[in-house]
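Only one structure is covered here, and it is reproduced in the block below.
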Amino acid sequence: MLAQQRRKKILELLQEEGSARVSSLSKLFEVSEPTVRQDLERLEADGYISREHGGAHLKTIPEQVRSLTLQHTENMDKKMRIGKKAAGMIEDGDFIILDSGTTVTEIAKNLQSKKGLKIITNSLNIALLLGAHHEFEVMVTGGEFKAPTLSLTGEKAADFFEQIYVNKLFLATGGVSIETGLTYPGFNDIQVKKAMIESATETYLVADSTKIGRTSFAALGPVELVQYLITDADINPKTKQQLENRGIQVIIAD
């Protein structure tokens, strides 16, 4: 991996996890610790991160948490259309899981007219958005707080889903590929997402077209883990057909 590619991947990891140790990054990328330190020095000079003894953290975290602002705000026009389309798949009285992230947050913004929903989420901003709605019963998982995604993660978050069964899960992703399946920039959420999928009768993957064909670090599993993909009209027609050949219904948000 070229240095520029590695720095991009390190930044993606920090944008997902918030912080990382030099020793962990060295093992993950199979390079020396001095090389990682050089990468972090460059990312700090570019204004993305702040270095600390033995590691680094994302520079924007304090302001993000204070303002309840999510990190990934690119392609918001596509995410807004996907959120509206996905909300249309939810019926009054459904028992659903809402994953964390910007696209799933757009789903939550379009649920105000629904009635009788039972909602489980590991997203604190989604819980605050929907928790005051008198028609909704909102449950929040436990777990470790992850600042960039304003979410709860780890073993305790995953354990929350034991013996829970819901109609529909709306799942976020870092990348989706026929070859590598569903992947994510960080590792901490994998067990949570697996537990969510096991609890749901139907899983809707929500991902804008820029994530299709992309591969991140941590693998959740094959694309067949989901029954539906809700995306935008810019999806490659060949990829759309390949997904449909795998039994996945591709829904276009226009």
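In the structure tokens, chains take letters A, B, ... by order of appearance, with residues numbered from 1 within each chain and ligands from 1 in the order shown.
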Per-residue DSSP, stretch 37-189 of chain A, filtered to helix (DSSP H, G or I), as a ChimeraX atom specification
/A:37-45,61-67,76-87,102-109,124-130,147-149,155-159
For stretch 23-33 of chain A, work out the shell of residues within 9 Å, counting only C-alpha atoms and skipping chain neighbours fewer than 2 positions away, then give it as a PDB file with C-alpha atoms, in the first residue's frame.
ATOM      1  CA  MET A   1       0.000   0.000   0.000  1.00  0.00           C
ATOM      2  CA  ARG A   6      -2.333   4.224   3.923  1.00  0.00           C
ATOM      3  CA  ILE A  10      -5.807   5.691   8.755  1.00  0.00           C
ATOM      4  CA  ALA A  20      -6.084   4.915  17.659  1.00  0.00           C
ATOM      5  CA  ARG A  21      -2.748   3.831  19.098  1.00  0.00           C
ATOM      6  CA  THR A  35       6.288   4.931   9.622  1.00  0.00           C
ATOM      7  CA  VAL A  36       2.939   5.290  11.387  1.00  0.00           C
ATOM      8  CA  ARG A  37       4.222   8.295  13.320  1.00  0.00           C
ATOM      9  CA  GLN A  38       5.229   9.920  10.027  1.00  0.00           C
ATOM     10  CA  GLY A  54       1.415   6.847  21.665  1.00  0.00           C
ATOM     11  CA  GLY A  55      -1.434   7.670  19.298  1.00  0.00           C
TER      12      GLY A  55
END
Could you pull the residues within 10 Å of A:Ile235, counting only C-alpha atoms, minus those fewer than 3 positions along the same chain, as a count of residues only?
13
When distances are computed from only C-alpha atoms, which of A:Lys79, A:Thr203, A:Val22, A:Gln15 shows the smallest separation from A:Pro34?
A:Val22
Contacts of stretch 85-102 of chain A at 7 Å or less, counting only C-alpha atoms, minus same-chain residues fewer than 4 places along, as a PDB file with C-alpha atoms, in the first residue's frame?
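Written file, around.pdb:
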ATOM      1  CA  LEU A  70     -22.034  13.294  12.606  1.00  0.00           C
ATOM      2  CA  HIS A  72     -19.715  11.727   7.340  1.00  0.00           C
ATOM      3  CA  THR A  73     -21.812  14.460   5.697  1.00  0.00           C
ATOM      4  CA  ARG A  81     -33.469  10.520  -0.826  1.00  0.00           C
ATOM      5  CA  GLU A 106     -32.181  10.526   7.461  1.00  0.00           C
ATOM      6  CA  ILE A 107     -34.614   7.610   7.871  1.00  0.00           C
ATOM      7  CA  ASN A 110     -38.849  10.896   7.965  1.00  0.00           C
ATOM      8  CA  LEU A 111     -40.721   8.878  10.608  1.00  0.00           C
ATOM      9  CA  LYS A 114     -45.744   7.032  11.682  1.00  0.00           C
ATOM     10  CA  LYS A 115     -47.721   5.560  14.558  1.00  0.00           C
ATOM     11  CA  GLY A 116     -47.047   2.886  17.125  1.00  0.00           C
ATOM     12  CA  LEU A 117     -43.419   2.189  16.256  1.00  0.00           C
ATOM     13  CA  LYS A 118     -41.127   0.278  18.597  1.00  0.00           C
ATOM     14  CA  ILE A 119     -37.565   1.317  17.863  1.00  0.00           C
ATOM     15  CA  ILE A 120     -34.241  -0.049  19.064  1.00  0.00           C
ATOM     16  CA  THR A 121     -31.130   1.943  18.231  1.00  0.00           C
ATOM     17  CA  ASN A 122     -27.493   2.212  19.238  1.00  0.00           C
ATOM     18  CA  SER A 123     -27.451   5.799  17.940  1.00  0.00           C
ATOM     19  CA  THR A 149     -20.796   8.205  15.057  1.00  0.00           C
ATOM     20  CA  SER A 151     -23.226   5.594  18.861  1.00  0.00           C
ATOM     21  CA  VAL A 166     -37.912  -7.314  15.178  1.00  0.00           C
ATOM     22  CA  ASN A 167     -39.655  -6.902  11.836  1.00  0.00           C
ATOM     23  CA  LYS A 168     -37.021  -4.816  10.099  1.00  0.00           C
ATOM     24  CA  LEU A 169     -33.423  -3.700  10.471  1.00  0.00           C
ATOM     25  CA  PHE A 170     -32.047  -0.668   8.645  1.00  0.00           C
ATOM     26  CA  LEU A 171     -28.311  -1.255   8.449  1.00  0.00           C
ATOM     27  CA  ALA A 172     -25.499   1.133   7.522  1.00  0.00           C
ATOM     28  CA  ILE A 230     -31.800   0.885  -0.829  1.00  0.00           C
ATOM     29  CA  ALA A 253     -34.459   6.115  -4.227  1.00  0.00           C
TER      30      ALA A 253
END
So which residues touch A:Leu130 within 8 Å, counting only C-alpha atoms, skipping near sequence neighbours fewer than 6 positions away, as a ChimeraX atom specification?
/A:108,136,138
Generate the output file for the selected residues, N, CA and C atoms, as a compact mmCIF listing (two decimals), in the first residue's frame.
# COMPACT_ATOMS: atom_id res chain seq x y z
N ALA A 108 -34.70 8.29 10.19
CA ALA A 108 -35.36 8.73 11.43
C ALA A 108 -36.07 10.07 11.24
N PHE A 136 -44.07 6.73 19.75
CA PHE A 136 -42.97 5.79 19.63
C PHE A 136 -42.50 5.28 20.98
N VAL A 138 -39.03 3.99 22.29
CA VAL A 138 -37.63 3.98 21.87
C VAL A 138 -36.76 3.34 22.92
Among stretch 87-232 of chain A, which ones does DSSP place in strand (DSSP E or B), written as a count of residues only?
49
